[in-house]
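Enquirer: Mind looking over this structure? Questions follow.
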Protein chains: 2
Amino acid sequence: MTYDERLEHLLVTAADVFAANGFHSTTMRDLSRATGMSLAGMYYYVEGKDELLYLIQDRCFTEVVTGARAAIAAATDPVERLRRFIRHHVGFFTAHMSEMKVLSHEAESLSGDRWKAINRLKRSYVDLLLSLLDSARPDSDASVDRRVAAFALFGMMNWIYTWYDPDGSVAPNQLADQLAELFMRGIMPAAVPATQEG
Amino acid sequence: MTYDERLEHLLVTAADVFAANGFHSTTMRDLSRATGMSLAGMYYYVEGKDELLYLIQDRCFTEVVTGARAAIAAATDPVERLRRFIRHHVGFFTAHMSEMKVLSHEAESLSGDRWKAINRLKRSYVDLLLSLLDSARPDSDASVDRRVAAFALFGMMNWIYTWYDPDGSVAPNQLADQLAELFMRGIMPAAVPATQEG
DNA sequence: TTTTCATTCGAACGAACGTTCGAAAAGACG
DNA sequence: CGTCTTTTCGAACGTTCGTTCGAATGAAAA
């Protein structure tokens with residue numbers, strides 16, 4: 001095993017434990033037990049508990065942002081681009097539950113420069129969705145504020161970690177499609193129309 | 001000041017501090033400072049830190065559940081009842097941000113019997129929404145799973161604490177209406193129809 | 001006043017925490 | 001083999017935590 005692989009193992013395991021028990025409730029001794037490394041040994045790979053959380057969030061969020069950009073790049077239709085953004089977010093979330101739970105739930109557990117760095121990523125990701133919304137929505141529709149719409153969407157997607165079981169009766173792909181459908185048309189599809197959406 | 005008023009003051013202040021800094025990061029000494037009570041003095045009113053969190057969540061959630069039942073009681077139209085449920089939840093949330101943030105964010109910070117008690121309330125509240133959804137949705141619409149729809153709604157509502165400012169440009173009433181509209185019809189109101197919804 | 005009960009709190013306790021340090025072990029290279 | 005570097009880790013340090021305890025205070029009753 002190389003150095004990088006051992007660091008990776010530490011980060012993945014830590015994400016699982018943080019997700020299961022919360023960042024602040026997790027002790028370095030818990031991580032020592034879970035990883036099989038010694039307590040002091042972990043400090044050879046990581047500055048401390050805070051940097052551990054930061055590395056998990058930074059890696060995960062960077063992957064989310066670049067993945068989203070790639071996912072929407074191929075499409076030109078604004079509505080389709082929005083739909084792909086949603087599918088990518090939900091797909092990534094369900095495939096990396098621990099990391100995404102840590103990212104969503106422990107947003108305020110960082111401080112100082114590390115917090116700022118993560119928030120830069122967050123802002124760029126929010127801006128991306130806002131621009132997608134501006135393109136996809138009819139200009140006329142001012143009934144819902146753009147920020148409200150954006151954070152409502154993030155809310156329904158990021159809440160997943162509180163209830164969703166990827167091995168349950170709703171498959172990740174179905175969940176993604178249903179959330180996209182819900183966000184686009186709501187639960188009360190206006191009576192009849194338009195079944196032509198791929 | 002009576003005993004009850006002092007307990008109330010402790011609970012309200014603790015909810016604010018928990019909301020601001022998180023439950024686990026908050027020390028009893030922080031609460032002592034914020035309330036003006038002495039460290040030991042708080043233990044005359046409360047068994048400990050865990051019971052403090054439990055009391056905040058129990059009182060708040062009980063109020064949410066009974067308030068929701070009252071809010072929908074007057075209406076008979078299923079869609080209107082659902083709309084009132086949403087408006088009540090968002091209205092209560094924005095009016096009690098600290099408590100609701102503690103309720104949403106610190107759901108896993110309790111354990112044992114106290115966790116079970118809160119989860120009983122949670123289950124009954126979820127069941128209430130599920131029954132409202134069953135009544136409000138066209139029987140035919142199986143495109144979105146009922147649990148997915150329910151938790152998507154809870155997600156967009158409970159996510160509020162991460163971004164919403166009640167003193168910002170969107171008033172609480174507007175937020176409630178917009179989230180209800182979003183959940184019912186989505187961001188892409190199907191072109192033309194039906195402006196007849198009260 | 002004296003007695004009783006409710007309420008407050010300074011001071012301390014034991015436990016658990018994140019982190020450090022110096023030495024030991026393991027590998028790489030001559 | 002010996003030497004240098006990388007990696008591991010037992011043991012401890014200093015701090016902070018939630019909680020307790022017994023004495024002090026205040027208010028009401030007799």
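Ligands are numbered from 1 in the order shown, residues from 1 within each chain, and chains are lettered A, B, ... in the order they appear in the structure tokens.
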Based on only C-alpha atoms (C1' of nucleotides), which of the residues in chain D come within 9 Å of chain B? I want them as a list in words.
Expert: DC17, DG18, DT19 and DT20 of chain D
Enquirer: Would you give me, as a Markdown table, each residue of chain C having an atom within 10 Å of an atom of chain B, along with its shortest atom pair and that distance in Å to one decimal, using only C-alpha atoms (C1' of nucleotides) and sorting by chain and residue number?
Expert:
| residue | atom | partner | partner_atom | distance |
| --- | --- | --- | --- | --- |
| C:DT7 | C1' | B:Tyr44 | CA | 8.0 |
| C:DT8 | C1' | B:Gly41 | CA | 5.9 |
| C:DC9 | C1' | B:Ser38 | CA | 6.2 |
| C:DG10 | C1' | B:Ala40 | CA | 9.1 |
Enquirer: Select, as a list in words, those residues of chain A with any atom no more than 6 Å from chain B (distances computed using only C-alpha atoms).
Expert: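 Listing them in order of chain and number gives Val144, Ala152, Gly155, Met156, Trp159, Gln178, Phe183, Met184, Arg185, Gly186, Ile187 and Met188 of chain A.
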Enquirer: Export, as an mmCIF file, in the first residue's frame, the selected residues with N, CA and C atoms.
Expert:
data_model
loop_
_atom_site.group_PDB
_atom_site.id
_atom_site.type_symbol
_atom_site.label_atom_id
_atom_site.label_comp_id
_atom_site.auth_asym_id
_atom_site.auth_seq_id
_atom_site.Cartn_x
_atom_site.Cartn_y
_atom_site.Cartn_z
ATOM 1 N N VAL A 144 -42.166 32.510 -8.281
ATOM 2 C CA VAL A 144 -41.246 31.948 -7.291
ATOM 3 C C VAL A 144 -39.864 32.593 -7.450
ATOM 4 N N ALA A 152 -34.818 25.544 -2.539
ATOM 5 C CA ALA A 152 -35.839 24.508 -2.391
ATOM 6 C C ALA A 152 -35.343 23.217 -3.049
ATOM 7 N N GLY A 155 -32.633 21.766 -1.045
ATOM 8 C CA GLY A 155 -33.244 21.185 0.149
ATOM 9 C C GLY A 155 -33.787 19.802 -0.109
ATOM 10 N N MET A 156 -34.583 19.663 -1.159
ATOM 11 C CA MET A 156 -35.159 18.333 -1.395
ATOM 12 C C MET A 156 -34.094 17.314 -1.782
ATOM 13 N N TRP A 159 -31.683 16.689 1.558
ATOM 14 C CA TRP A 159 -32.382 16.086 2.695
ATOM 15 C C TRP A 159 -32.343 14.561 2.634
ATOM 16 N N GLN A 178 -37.567 11.198 -10.197
ATOM 17 C CA GLN A 178 -38.772 11.671 -9.518
ATOM 18 C C GLN A 178 -38.564 13.049 -8.909
ATOM 19 N N PHE A 183 -39.637 18.759 -9.136
ATOM 20 C CA PHE A 183 -39.186 20.151 -9.156
ATOM 21 C C PHE A 183 -39.702 20.869 -10.404
ATOM 22 N N MET A 184 -39.781 20.150 -11.500
ATOM 23 C CA MET A 184 -40.227 20.776 -12.747
ATOM 24 C C MET A 184 -41.733 21.008 -12.760
ATOM 25 N N ARG A 185 -42.471 19.979 -12.391
ATOM 26 C CA ARG A 185 -43.918 20.058 -12.608
ATOM 27 C C ARG A 185 -44.757 19.934 -11.343
ATOM 28 N N GLY A 186 -44.123 19.660 -10.218
ATOM 29 C CA GLY A 186 -44.899 19.548 -8.988
ATOM 30 C C GLY A 186 -45.645 18.238 -8.895
ATOM 31 N N ILE A 187 -46.362 18.060 -7.779
ATOM 32 C CA ILE A 187 -47.083 16.798 -7.607
ATOM 33 C C ILE A 187 -48.420 16.806 -8.311
ATOM 34 N N MET A 188 -48.823 17.979 -8.805
ATOM 35 C CA MET A 188 -50.135 18.045 -9.416
ATOM 36 C C MET A 188 -50.033 18.395 -10.882
#
Enquirer: Rounded to one decimal place, report the atom CA of A:Leu128-atom CA of A:Val102 distance in Å.
Expert: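 Distance between the two atoms: 21.6 Å.
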Enquirer: How far is it from atom CA of B:Met97 to atom CA of B:Tyr161, in Å with one decimal?
Expert: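 Interatomic distance here is 6.8 Å.
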Enquirer: Looking only at alpha helix (DSSP H) from DSSP on the backbone, list the matching residues of stretch 64-161 of chain B as a PDB file with C-alpha atoms, in the first residue's frame.
Expert:
ATOM      1  CA  VAL B  64     -45.728  21.787  15.331  1.00  0.00           C
ATOM      2  CA  VAL B  65     -47.887  18.679  15.230  1.00  0.00           C
ATOM      3  CA  THR B  66     -50.853  20.128  17.096  1.00  0.00           C
ATOM      4  CA  GLY B  67     -50.555  23.388  15.152  1.00  0.00           C
ATOM      5  CA  ALA B  68     -50.618  21.526  11.860  1.00  0.00           C
ATOM      6  CA  ARG B  69     -53.693  19.544  12.863  1.00  0.00           C
ATOM      7  CA  ALA B  70     -55.437  22.776  13.812  1.00  0.00           C
ATOM      8  CA  ALA B  71     -54.355  24.507  10.616  1.00  0.00           C
ATOM      9  CA  ILE B  72     -55.848  21.912   8.298  1.00  0.00           C
ATOM     10  CA  ALA B  73     -58.948  21.175  10.344  1.00  0.00           C
ATOM     11  CA  PRO B  78     -57.740  18.032  -0.018  1.00  0.00           C
ATOM     12  CA  VAL B  79     -55.537  20.380  -2.016  1.00  0.00           C
ATOM     13  CA  GLU B  80     -56.370  23.268   0.247  1.00  0.00           C
ATOM     14  CA  ARG B  81     -55.604  21.140   3.296  1.00  0.00           C
ATOM     15  CA  LEU B  82     -52.203  20.275   1.872  1.00  0.00           C
ATOM     16  CA  ARG B  83     -51.534  23.905   1.093  1.00  0.00           C
ATOM     17  CA  ARG B  84     -52.404  24.869   4.655  1.00  0.00           C
ATOM     18  CA  PHE B  85     -50.123  22.192   6.029  1.00  0.00           C
ATOM     19  CA  ILE B  86     -47.235  23.638   4.048  1.00  0.00           C
ATOM     20  CA  ARG B  87     -48.053  27.198   5.001  1.00  0.00           C
ATOM     21  CA  HIS B  88     -48.248  26.268   8.642  1.00  0.00           C
ATOM     22  CA  HIS B  89     -44.973  24.378   8.626  1.00  0.00           C
ATOM     23  CA  VAL B  90     -43.071  27.151   6.875  1.00  0.00           C
ATOM     24  CA  GLY B  91     -44.770  29.823   8.951  1.00  0.00           C
ATOM     25  CA  PHE B  92     -43.907  28.077  12.186  1.00  0.00           C
ATOM     26  CA  PHE B  93     -40.383  27.397  10.997  1.00  0.00           C
ATOM     27  CA  THR B  94     -39.666  31.013  10.132  1.00  0.00           C
ATOM     28  CA  ALA B  95     -41.210  32.173  13.389  1.00  0.00           C
ATOM     29  CA  MET B  97     -35.947  29.424  13.594  1.00  0.00           C
ATOM     30  CA  SER B  98     -33.705  28.450  16.483  1.00  0.00           C
ATOM     31  CA  GLU B  99     -35.920  25.715  17.841  1.00  0.00           C
ATOM     32  CA  MET B 100     -36.682  24.360  14.384  1.00  0.00           C
ATOM     33  CA  LYS B 101     -33.041  24.355  13.421  1.00  0.00           C
ATOM     34  CA  VAL B 102     -32.276  22.405  16.568  1.00  0.00           C
ATOM     35  CA  LEU B 103     -35.132  20.044  15.750  1.00  0.00           C
ATOM     36  CA  SER B 104     -33.999  19.531  12.155  1.00  0.00           C
ATOM     37  CA  HIS B 105     -30.258  19.521  12.620  1.00  0.00           C
ATOM     38  CA  GLY B 112     -32.283   5.969  24.002  1.00  0.00           C
ATOM     39  CA  ASP B 113     -35.788   6.688  25.243  1.00  0.00           C
ATOM     40  CA  ARG B 114     -35.572  10.359  24.487  1.00  0.00           C
ATOM     41  CA  TRP B 115     -34.758   9.630  20.863  1.00  0.00           C
ATOM     42  CA  LYS B 116     -37.672   7.206  20.716  1.00  0.00           C
ATOM     43  CA  ALA B 117     -40.083   9.774  22.103  1.00  0.00           C
ATOM     44  CA  ILE B 118     -39.108  12.389  19.537  1.00  0.00           C
ATOM     45  CA  ASN B 119     -39.319   9.830  16.771  1.00  0.00           C
ATOM     46  CA  ARG B 120     -42.844   8.935  17.748  1.00  0.00           C
ATOM     47  CA  LEU B 121     -43.785  12.540  17.128  1.00  0.00           C
ATOM     48  CA  LYS B 122     -41.861  12.559  13.883  1.00  0.00           C
ATOM     49  CA  ARG B 123     -43.595   9.469  12.624  1.00  0.00           C
ATOM     50  CA  SER B 124     -47.038  10.837  13.372  1.00  0.00           C
ATOM     51  CA  TYR B 125     -46.164  14.061  11.597  1.00  0.00           C
ATOM     52  CA  VAL B 126     -44.897  12.215   8.532  1.00  0.00           C
ATOM     53  CA  ASP B 127     -48.008  10.050   8.529  1.00  0.00           C
ATOM     54  CA  LEU B 128     -50.133  13.158   8.603  1.00  0.00           C
ATOM     55  CA  LEU B 129     -48.450  14.509   5.489  1.00  0.00           C
ATOM     56  CA  LEU B 130     -48.654  11.141   3.737  1.00  0.00           C
ATOM     57  CA  SER B 131     -52.393  11.015   4.291  1.00  0.00           C
ATOM     58  CA  LEU B 132     -52.767  14.572   3.013  1.00  0.00           C
ATOM     59  CA  LEU B 133     -50.816  13.609  -0.097  1.00  0.00           C
ATOM     60  CA  ASP B 134     -52.954  10.556  -0.715  1.00  0.00           C
ATOM     61  CA  SER B 135     -56.061  12.700  -0.628  1.00  0.00           C
ATOM     62  CA  ALA B 136     -54.702  15.575  -2.656  1.00  0.00           C
ATOM     63  CA  ARG B 146     -45.506   9.024  -2.022  1.00  0.00           C
ATOM     64  CA  ARG B 147     -42.604   8.808   0.399  1.00  0.00           C
ATOM     65  CA  VAL B 148     -40.339  10.516  -2.077  1.00  0.00           C
ATOM     66  CA  ALA B 149     -42.862  13.318  -2.470  1.00  0.00           C
ATOM     67  CA  ALA B 150     -43.302  13.663   1.282  1.00  0.00           C
ATOM     68  CA  PHE B 151     -39.614  13.808   2.116  1.00  0.00           C
ATOM     69  CA  ALA B 152     -38.895  16.060  -0.836  1.00  0.00           C
ATOM     70  CA  LEU B 153     -41.378  18.487   0.677  1.00  0.00           C
ATOM     71  CA  PHE B 154     -39.900  18.160   4.140  1.00  0.00           C
ATOM     72  CA  GLY B 155     -36.491  18.656   2.584  1.00  0.00           C
ATOM     73  CA  MET B 156     -37.327  21.894   0.874  1.00  0.00           C
ATOM     74  CA  MET B 157     -39.033  23.182   3.996  1.00  0.00           C
ATOM     75  CA  ASN B 158     -36.519  22.048   6.590  1.00  0.00           C
TER      76      ASN B 158
END
